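> Next up, coords-v6.cif (mmCIF, C-alpha atoms).
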```
data_input
#
loop_
_atom_site.group_PDB
_atom_site.id
_atom_site.type_symbol
_atom_site.label_atom_id
_atom_site.label_comp_id
_atom_site.auth_asym_id
_atom_site.auth_seq_id
_atom_site.Cartn_x
_atom_site.Cartn_y
_atom_site.Cartn_z
ATOM 1 C CA MET A 38 17.072 35.536 20.309
ATOM 2 C CA PRO A 39 16.324 36.890 23.813
ATOM 3 C CA GLU A 40 19.232 37.150 26.253
ATOM 4 C CA ASN A 41 17.616 34.929 28.886
ATOM 5 C CA SER A 42 16.862 32.071 26.507
ATOM 6 C CA GLU A 43 18.518 29.182 28.333
ATOM 7 C CA VAL A 44 17.348 26.491 25.975
ATOM 8 C CA ASP A 45 19.692 27.499 23.182
ATOM 9 C CA ILE A 46 22.822 27.849 25.310
ATOM 10 C CA LEU A 47 24.024 24.359 24.469
ATOM 11 C CA ARG A 48 23.873 24.949 20.741
ATOM 12 C CA SER A 49 27.063 26.132 19.143
ATOM 13 C CA PRO A 50 26.856 29.269 16.992
ATOM 14 C CA LEU A 51 27.912 27.141 14.003
ATOM 15 C CA GLY A 52 25.158 24.621 14.682
ATOM 16 C CA ARG A 53 22.617 27.420 14.846
ATOM 17 C CA ALA A 54 23.925 29.056 11.684
ATOM 18 C CA ARG A 55 23.795 25.857 9.676
ATOM 19 C CA GLY A 56 20.319 25.118 10.990
ATOM 20 C CA LEU A 57 20.984 21.444 11.555
ATOM 21 C CA GLY A 58 18.700 19.579 13.929
ATOM 22 C CA SER A 59 19.108 16.244 15.671
ATOM 23 C CA ALA A 60 18.935 14.402 12.346
ATOM 24 C CA HIS A 61 22.051 16.300 11.160
ATOM 25 C CA ALA A 62 20.423 16.990 7.851
ATOM 26 C CA GLY A 63 18.815 20.354 8.468
ATOM 27 C CA PHE A 64 15.389 20.756 7.001
ATOM 28 C CA HIS A 65 16.057 18.846 3.790
ATOM 29 C CA HIS A 66 14.133 15.731 4.926
ATOM 30 C CA TRP A 67 11.178 17.886 5.973
ATOM 31 C CA TRP A 68 11.167 19.946 2.773
ATOM 32 C CA ILE A 69 11.568 17.096 0.298
ATOM 33 C CA GLU A 70 8.783 15.158 2.066
ATOM 34 C CA ARG A 71 6.473 18.152 1.454
ATOM 35 C CA VAL A 72 7.481 18.458 -2.198
ATOM 36 C CA GLY A 73 6.530 14.824 -2.695
ATOM 37 C CA ALA A 74 3.303 15.295 -0.741
ATOM 38 C CA VAL A 75 2.196 18.171 -2.976
ATOM 39 C CA ALA A 76 2.903 16.097 -6.098
ATOM 40 C CA LEU A 77 1.000 13.158 -4.616
ATOM 41 C CA VAL A 78 -2.233 15.155 -4.267
ATOM 42 C CA PRO A 79 -3.105 15.197 -8.004
ATOM 43 C CA LEU A 80 -1.334 11.888 -8.691
ATOM 44 C CA THR A 81 -3.387 10.041 -6.052
ATOM 45 C CA ILE A 82 -6.660 11.429 -7.412
ATOM 46 C CA TRP A 83 -5.654 10.355 -10.932
ATOM 47 C CA PHE A 84 -4.638 6.894 -9.701
ATOM 48 C CA ILE A 85 -7.891 6.235 -7.830
ATOM 49 C CA VAL A 86 -9.976 7.342 -10.827
ATOM 50 C CA ALA A 87 -7.836 5.213 -13.169
ATOM 51 C CA LEU A 88 -8.203 2.156 -10.924
ATOM 52 C CA LEU A 89 -11.973 2.626 -10.661
ATOM 53 C CA ARG A 90 -12.156 2.598 -14.465
ATOM 54 C CA LEU A 91 -10.180 -0.681 -14.467
ATOM 55 C CA VAL A 92 -12.298 -2.524 -11.889
ATOM 56 C CA GLY A 93 -13.136 -5.957 -13.249
ATOM 57 C CA ALA A 94 -11.193 -5.302 -16.437
ATOM 58 C CA PRO A 95 -9.320 -8.179 -18.090
ATOM 59 C CA HIS A 96 -5.524 -8.354 -18.207
ATOM 60 C CA GLN A 97 -5.394 -6.921 -21.717
ATOM 61 C CA ALA A 98 -7.276 -3.783 -20.635
ATOM 62 C CA VAL A 99 -4.674 -3.101 -17.930
ATOM 63 C CA ILE A 100 -1.882 -3.594 -20.483
ATOM 64 C CA ASP A 101 -3.577 -1.243 -22.961
ATOM 65 C CA TRP A 102 -4.032 1.340 -20.226
ATOM 66 C CA LEU A 103 -0.351 1.273 -19.259
ATOM 67 C CA ARG A 104 0.723 1.402 -22.926
ATOM 68 C CA SER A 105 -0.630 4.909 -23.279
ATOM 69 C CA PRO A 106 2.302 7.295 -22.726
ATOM 70 C CA VAL A 107 0.251 9.541 -20.427
ATOM 71 C CA SER A 108 -0.756 6.687 -18.092
ATOM 72 C CA MET A 109 2.768 5.317 -18.151
ATOM 73 C CA VAL A 110 4.408 8.621 -17.252
ATOM 74 C CA LEU A 111 1.851 9.399 -14.531
ATOM 75 C CA MET A 112 2.186 5.869 -13.163
ATOM 76 C CA LEU A 113 5.992 6.182 -13.049
ATOM 77 C CA LEU A 114 5.689 9.553 -11.307
ATOM 78 C CA LEU A 115 3.227 8.064 -8.828
ATOM 79 C CA ILE A 116 5.563 5.137 -8.103
ATOM 80 C CA VAL A 117 8.672 7.278 -7.578
ATOM 81 C CA THR A 118 6.892 9.858 -5.415
ATOM 82 C CA THR A 119 4.976 7.280 -3.404
ATOM 83 C CA PHE A 120 8.007 5.186 -2.467
ATOM 84 C CA HIS A 121 10.086 8.287 -1.780
ATOM 85 C CA HIS A 122 7.359 9.654 0.507
ATOM 86 C CA PHE A 123 6.978 6.170 2.047
ATOM 87 C CA SER A 124 10.689 5.939 2.871
ATOM 88 C CA LEU A 125 10.839 9.434 4.405
ATOM 89 C CA GLY A 126 7.619 8.996 6.367
ATOM 90 C CA VAL A 127 8.385 5.597 7.833
ATOM 91 C CA GLN A 128 11.913 6.761 8.642
ATOM 92 C CA SER A 129 10.442 9.597 10.742
ATOM 93 C CA VAL A 130 8.321 7.081 12.606
ATOM 94 C CA LEU A 131 11.331 4.824 13.243
ATOM 95 C CA ASP A 132 13.492 7.813 14.258
ATOM 96 C CA ASP A 133 10.875 8.719 16.847
ATOM 97 C CA TYR A 134 9.949 5.325 18.264
ATOM 98 C CA VAL A 135 13.003 3.072 17.961
ATOM 99 C CA HIS A 136 15.350 4.161 20.709
ATOM 100 C CA GLN A 137 18.072 1.536 20.567
ATOM 101 C CA PRO A 138 20.714 2.952 18.146
ATOM 102 C CA THR A 139 21.632 -0.348 16.419
ATOM 103 C CA MET A 140 17.978 -1.273 15.930
ATOM 104 C CA LYS A 141 17.248 2.237 14.668
ATOM 105 C CA LEU A 142 20.019 2.017 12.085
ATOM 106 C CA TRP A 143 19.066 -1.450 10.874
ATOM 107 C CA SER A 144 15.350 -0.727 10.724
ATOM 108 C CA VAL A 145 15.915 2.489 8.755
ATOM 109 C CA LEU A 146 18.267 0.653 6.375
ATOM 110 C CA ALA A 147 15.732 -2.162 5.948
ATOM 111 C CA ILE A 148 12.974 0.320 5.098
ATOM 112 C CA LYS A 149 15.189 2.163 2.609
ATOM 113 C CA ALA A 150 16.135 -1.139 0.958
ATOM 114 C CA ALA A 151 12.504 -2.302 0.840
ATOM 115 C CA CYS A 152 11.435 0.991 -0.764
ATOM 116 C CA VAL A 153 14.114 0.778 -3.447
ATOM 117 C CA VAL A 154 13.305 -2.866 -4.244
ATOM 118 C CA LEU A 155 9.531 -2.302 -4.359
ATOM 119 C CA ALA A 156 9.886 0.889 -6.411
ATOM 120 C CA LEU A 157 12.168 -0.851 -8.924
ATOM 121 C CA LEU A 158 9.791 -3.815 -9.196
ATOM 122 C CA CYS A 159 6.944 -1.408 -9.984
ATOM 123 C CA ILE A 160 9.000 0.701 -12.396
ATOM 124 C CA VAL A 161 10.365 -2.282 -14.317
ATOM 125 C CA SER A 162 6.876 -3.814 -14.522
ATOM 126 C CA VAL A 163 5.385 -0.598 -15.910
ATOM 127 C CA LEU A 164 8.231 -0.225 -18.417
ATOM 128 C CA LYS A 165 7.997 -3.872 -19.444
ATOM 129 C CA ILE A 166 4.280 -3.506 -20.157
ATOM 130 C CA GLY A 167 4.461 -0.083 -21.709
ATOM 131 C CA LEU A 168 7.568 -0.257 -23.892
ATOM 132 C CA MET B 49 19.860 8.638 42.331
ATOM 133 C CA LYS B 50 20.127 5.889 39.749
ATOM 134 C CA ASP B 51 20.242 8.057 36.657
ATOM 135 C CA VAL B 52 21.879 11.433 36.077
ATOM 136 C CA ARG B 53 18.586 12.673 34.687
ATOM 137 C CA ASP B 54 17.141 12.309 38.205
ATOM 138 C CA ALA B 55 19.251 15.328 39.121
ATOM 139 C CA LEU B 56 16.827 17.437 37.092
ATOM 140 C CA MET B 57 13.988 16.270 39.337
ATOM 141 C CA ALA B 58 15.646 17.468 42.569
ATOM 142 C CA ALA B 59 14.687 20.935 43.791
ATOM 143 C CA ARG B 60 14.056 22.974 46.929
ATOM 144 C CA ASN B 61 10.605 24.218 47.862
ATOM 145 C CA SER B 62 9.943 27.712 49.239
ATOM 146 C CA ASP B 63 10.855 26.519 52.743
ATOM 147 C CA GLY B 64 14.260 25.431 51.487
ATOM 148 C CA LYS B 65 13.428 21.749 51.926
ATOM 149 C CA LEU B 66 14.840 19.321 49.355
ATOM 150 C CA VAL B 67 11.982 17.846 47.293
ATOM 151 C CA ARG B 68 11.418 15.779 44.216
ATOM 152 C CA ARG B 69 9.744 17.814 41.526
ATOM 153 C CA PRO B 70 6.360 16.581 40.367
ATOM 154 C CA LEU B 71 6.254 15.051 36.896
ATOM 155 C CA SER B 72 3.841 16.571 34.420
ATOM 156 C CA PRO B 73 1.000 14.227 33.449
ATOM 157 C CA HIS B 74 1.824 11.797 30.654
ATOM 158 C CA LEU B 75 -0.155 10.969 27.533
ATOM 159 C CA GLN B 76 -2.583 8.483 29.069
ATOM 160 C CA ILE B 77 -3.716 10.995 31.702
ATOM 161 C CA TYR B 78 -5.311 13.399 29.239
ATOM 162 C CA ARG B 79 -8.790 13.118 27.774
ATOM 163 C CA TRP B 80 -8.259 12.518 24.057
ATOM 164 C CA PRO B 81 -9.204 15.612 22.089
ATOM 165 C CA ILE B 82 -10.070 14.973 18.442
ATOM 166 C CA THR B 83 -6.839 16.684 17.359
ATOM 167 C CA MET B 84 -4.737 14.133 19.247
ATOM 168 C CA ALA B 85 -6.601 11.278 17.552
ATOM 169 C CA THR B 86 -6.263 12.765 14.055
ATOM 170 C CA SER B 87 -2.589 13.469 14.674
ATOM 171 C CA ILE B 88 -1.584 9.916 15.587
ATOM 172 C CA LEU B 89 -3.951 8.520 12.943
ATOM 173 C CA HIS B 90 -1.893 10.327 10.316
ATOM 174 C CA ARG B 91 1.115 8.207 11.226
ATOM 175 C CA VAL B 92 -0.882 5.006 11.628
ATOM 176 C CA THR B 93 -2.592 5.442 8.264
ATOM 177 C CA GLY B 94 0.719 6.446 6.649
ATOM 178 C CA CYS B 95 2.261 3.150 7.766
ATOM 179 C CA ALA B 96 -0.827 1.224 6.643
ATOM 180 C CA VAL B 97 -0.727 2.825 3.186
ATOM 181 C CA ALA B 98 2.972 1.913 3.038
ATOM 182 C CA VAL B 99 2.099 -1.747 3.718
ATOM 183 C CA GLY B 100 -0.579 -1.484 1.027
ATOM 184 C CA THR B 101 2.066 -0.700 -1.595
ATOM 185 C CA LEU B 102 2.915 -4.420 -1.425
ATOM 186 C CA LEU B 103 -0.430 -5.107 -3.080
ATOM 187 C CA LEU B 104 0.239 -2.460 -5.726
ATOM 188 C CA THR B 105 3.645 -3.995 -6.418
ATOM 189 C CA TRP B 106 2.187 -7.488 -6.672
ATOM 190 C CA TRP B 107 -0.528 -6.249 -9.046
ATOM 191 C CA LEU B 108 1.943 -4.454 -11.353
ATOM 192 C CA VAL B 109 4.483 -7.295 -11.358
ATOM 193 C CA ALA B 110 1.708 -9.797 -12.116
ATOM 194 C CA ALA B 111 0.384 -7.601 -14.924
ATOM 195 C CA ALA B 112 3.898 -7.556 -16.409
ATOM 196 C CA THR B 113 4.403 -11.323 -15.996
ATOM 197 C CA SER B 114 1.559 -13.371 -17.470
ATOM 198 C CA ASP B 115 -2.199 -13.836 -17.766
ATOM 199 C CA GLN B 116 -1.968 -16.530 -15.127
ATOM 200 C CA ALA B 117 -0.089 -14.344 -12.630
ATOM 201 C CA PHE B 118 -2.594 -11.557 -13.254
ATOM 202 C CA ASP B 119 -5.514 -13.941 -12.662
ATOM 203 C CA THR B 120 -3.952 -14.986 -9.356
ATOM 204 C CA VAL B 121 -3.648 -11.402 -8.062
ATOM 205 C CA GLN B 122 -7.169 -10.590 -9.300
ATOM 206 C CA TRP B 123 -8.442 -13.704 -7.519
ATOM 207 C CA PHE B 124 -6.729 -12.584 -4.292
ATOM 208 C CA ILE B 125 -8.110 -9.043 -4.525
ATOM 209 C CA GLY B 126 -11.609 -10.476 -5.082
ATOM 210 C CA SER B 127 -11.349 -12.854 -2.109
ATOM 211 C CA PRO B 128 -12.705 -11.796 1.322
ATOM 212 C CA VAL B 129 -9.167 -11.184 2.650
ATOM 213 C CA GLY B 130 -8.221 -9.262 -0.490
ATOM 214 C CA LEU B 131 -11.352 -7.130 -0.354
ATOM 215 C CA PHE B 132 -10.671 -6.400 3.303
ATOM 216 C CA CYS B 133 -7.085 -5.335 2.477
ATOM 217 C CA LEU B 134 -8.282 -3.196 -0.410
ATOM 218 C CA PHE B 135 -10.977 -1.601 1.734
ATOM 219 C CA GLY B 136 -8.440 -0.878 4.484
ATOM 220 C CA TRP B 137 -6.068 0.548 1.930
ATOM 221 C CA THR B 138 -8.811 2.808 0.514
ATOM 222 C CA VAL B 139 -9.844 4.202 3.894
ATOM 223 C CA THR B 140 -6.287 4.763 5.147
ATOM 224 C CA LEU B 141 -5.163 6.290 1.851
ATOM 225 C CA VAL B 142 -8.156 8.650 1.740
ATOM 226 C CA TYR B 143 -7.605 9.651 5.370
ATOM 227 C CA HIS B 144 -3.879 10.222 4.850
ATOM 228 C CA PHE B 145 -4.693 12.190 1.688
ATOM 229 C CA PHE B 146 -7.113 14.597 3.406
ATOM 230 C CA ASN B 147 -5.140 14.911 6.615
ATOM 231 C CA GLY B 148 -1.984 15.395 4.532
ATOM 232 C CA ILE B 149 -3.624 18.394 2.872
ATOM 233 C CA ARG B 150 -4.375 19.702 6.379
ATOM 234 C CA HIS B 151 -0.686 19.313 7.229
ATOM 235 C CA LEU B 152 0.304 21.184 4.063
ATOM 236 C CA ALA B 153 -2.060 24.002 5.070
ATOM 237 C CA TRP B 154 -0.385 24.153 8.493
ATOM 238 C CA ASP B 155 3.002 24.243 6.766
ATOM 239 C CA VAL B 156 2.070 27.506 5.099
ATOM 240 C CA GLY B 157 0.722 28.841 8.407
ATOM 241 C CA LEU B 158 -3.025 28.320 7.945
ATOM 242 C CA GLY B 159 -5.546 26.855 10.373
ATOM 243 C CA PHE B 160 -3.792 27.177 13.727
ATOM 244 C CA GLU B 161 -6.712 28.718 15.638
ATOM 245 C CA LYS B 162 -8.401 26.288 18.031
ATOM 246 C CA GLN B 163 -11.781 26.439 16.315
ATOM 247 C CA GLU B 164 -10.106 25.953 12.942
ATOM 248 C CA TYR B 165 -8.114 22.860 13.834
ATOM 249 C CA VAL B 166 -11.005 21.195 15.637
ATOM 250 C CA LEU B 167 -13.242 21.884 12.633
ATOM 251 C CA SER B 168 -10.596 20.647 10.184
ATOM 252 C CA SER B 169 -10.127 17.462 12.256
ATOM 253 C CA TRP B 170 -13.812 16.614 11.955
ATOM 254 C CA SER B 171 -13.865 17.668 8.309
ATOM 255 C CA VAL B 172 -11.074 15.188 7.543
ATOM 256 C CA ILE B 173 -12.975 12.367 9.265
ATOM 257 C CA ILE B 174 -16.244 13.177 7.506
ATOM 258 C CA ALA B 175 -14.503 13.591 4.134
ATOM 259 C CA THR B 176 -12.782 10.232 4.659
ATOM 260 C CA VAL B 177 -16.062 8.439 5.351
ATOM 261 C CA ILE B 178 -17.889 10.048 2.411
ATOM 262 C CA CYS B 179 -15.046 9.663 -0.067
ATOM 263 C CA SER B 180 -14.222 6.062 0.865
ATOM 264 C CA ALA B 181 -17.886 5.124 0.614
ATOM 265 C CA LEU B 182 -18.169 6.872 -2.750
ATOM 266 C CA ILE B 183 -15.106 5.053 -4.138
ATOM 267 C CA TRP B 184 -16.509 1.691 -3.026
ATOM 268 C CA VAL B 185 -20.008 2.359 -4.313
ATOM 269 C CA VAL B 186 -18.594 3.293 -7.727
ATOM 270 C CA GLY B 187 -16.173 0.352 -7.602
ATOM 271 C CA LEU B 188 -18.827 -2.201 -6.653
ATOM 272 C CA ILE B 189 -21.232 -0.936 -9.329
ATOM 273 C CA ALA B 190 -18.471 -1.258 -11.934
ATOM 274 C CA TRP B 191 -17.478 -4.717 -10.666
#
```
Could you write out this structure as structure tokens?


Amino acid sequence: MPENSEVDILRSPLGRARGLGSAHAGFHHWWIERVGAVALVPLTIWFIVALLRLVGAPHQAVIDWLRSPVSMVLMLLLIVTTFHHFSLGVQSVLDDYVHQPTMKLWSVLAIKAACVVLALLCIVSVLKIGL
Amino acid sequence: MKDVRDALMAARNSDGKLVRRPLSPHLQIYRWPITMATSILHRVTGCAVAVGTLLLTWWLVAAATSDQAFDTVQWFIGSPVGLFCLFGWTVTLVYHFFNGIRHLAWDVGLGFEKQEYVLSSWSVIIATVICSALIWVVGLIAW
């Protein structure tokens, strides 16, 4: 760190050492969003191909597809990673654009709740079909 | 001075006269380079894909509920509004997918030269158009 760097003067040595930013969570949010993103690359390709093979298929074909352990596991992975990535991504958007603190808190909480509910609905549906 | 932040705008010029500092141009002043468009589109498409998960949830829940519920969701997806939603979801997902890969490349330090990021911006757009079209051609043939 150069001596004349004025920008960092207001940061305490502890704050710098712990590497925490304005979100008070260090780089964990950033890192875990990337881990999910990497996993979503193959999962998304698989999902699109699987859906294209199911276009116009009757209900029973969808059930048979989800009953295969491979489809079920990949589908569950896709659901968990997608909603996790969704919650982190939309939270970043809200953190950036919602300035009023109460609104920011409530909107982030609402998004987190929505993600959990939607993810559970998808997971339970897949398990109900597949098990 | 109405706001303490205004204090940051006060300065003296070389003649020692008290002046208000000029403000640097804001977003709407700049000509939009392609990189600015692809950057904000990543967020817009991310949010759109997030909304699209409602359709995925409906589809899975219906598939787990009954033949009738499944027929209803299939009817919706086949309707003009449903097809529009599905098309929008395809395009935004494909864009977010390709641009996301570009972001991952940046994360490991690749593609920061000006020529590289302009080229990758256009590549993402072209890949999105081709891939979305391909998915829909295959989908419509199978339908």

> Pick the closest to chain B from A:Asp132, A:Leu80, A:Cys159, A:Leu146: which is it, counting only C-alpha atoms?

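Smallest distance to chain B is found for A:Cys159.
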
> Once you count only C-alpha atoms, which residues of chain B turn out to be within 6 Å of chain A? Could you give them as number ranges by chain?

B: 98, 105, 108-109, 112, 187, 191

> Given the file shown, enumerate the residues that the PyMOL selection byres ((chain B and resi 175) around 12) captures and present them as a ChimeraX atom specification.

/B:139,142-147,149,167-174,176-183

> For the provided coordinates, the residues matched by the PyMOL selection byres ((chain B and resi 58) around 10) should be stated as a PyMOL selection string.

chain B and resi 49+53-57+59-61+66-70

> Can I get the selection written as a compact mmCIF listing (two decimals), in the frame of the given file, with C-alpha atoms?


```
# COMPACT_ATOMS: atom_id res chain seq x y z
CA MET B 49 19.86 8.64 42.33
CA ARG B 53 18.59 12.67 34.69
CA ASP B 54 17.14 12.31 38.20
CA ALA B 55 19.25 15.33 39.12
CA LEU B 56 16.83 17.44 37.09
CA MET B 57 13.99 16.27 39.34
CA ALA B 59 14.69 20.94 43.79
CA ARG B 60 14.06 22.97 46.93
CA ASN B 61 10.60 24.22 47.86
CA LEU B 66 14.84 19.32 49.36
CA VAL B 67 11.98 17.85 47.29
CA ARG B 68 11.42 15.78 44.22
CA ARG B 69 9.74 17.81 41.53
CA PRO B 70 6.36 16.58 40.37
```

> Let me have the centre and edge lengths in Å, one decimal, of the box along x, y and z around every listed atom of stretch 123-139 of chain A with 6 Å of margin on each side, as AutoDock Vina command-line options.


```
--center_x 14.3 --center_y 4.6 --center_z 11.4 --size_x 26.7 --size_y 21.9 --size_z 30.7
```

> Atom CA of B:Gln122 and atom CA of A:Ala98 are how many Å apart?

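A separation of 13.2 Å between them.
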
> For the point (-7.6, 0.0, 3.1) in the file's frame, write as a PyMOL selection string all residues with an atom no more than 12 Å away, counting all atoms listed in the file.

chain B and resi 92-101+103+125+129-144+176+180-181+183-184

> Just how far from atom CA of A:His121 is atom CA of A:Gly73, in Å to one decimal?

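Computing the Euclidean distance for atom CA of A:Gly73 and atom CA of A:His121 yields 7.5 Å.
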
> Work out how far apart atom CA of B:Leu158 and atom CA of B:Thr86 are and give it in Å to one decimal.

17.0 Å

> Counting all atoms listed in the file, which of A:Gln128, A:Trp67, A:Leu113, A:Ser105 gets nearest to A:Ile148?

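That would be A:Gln128, the residue with the smallest distance to A:Ile148.
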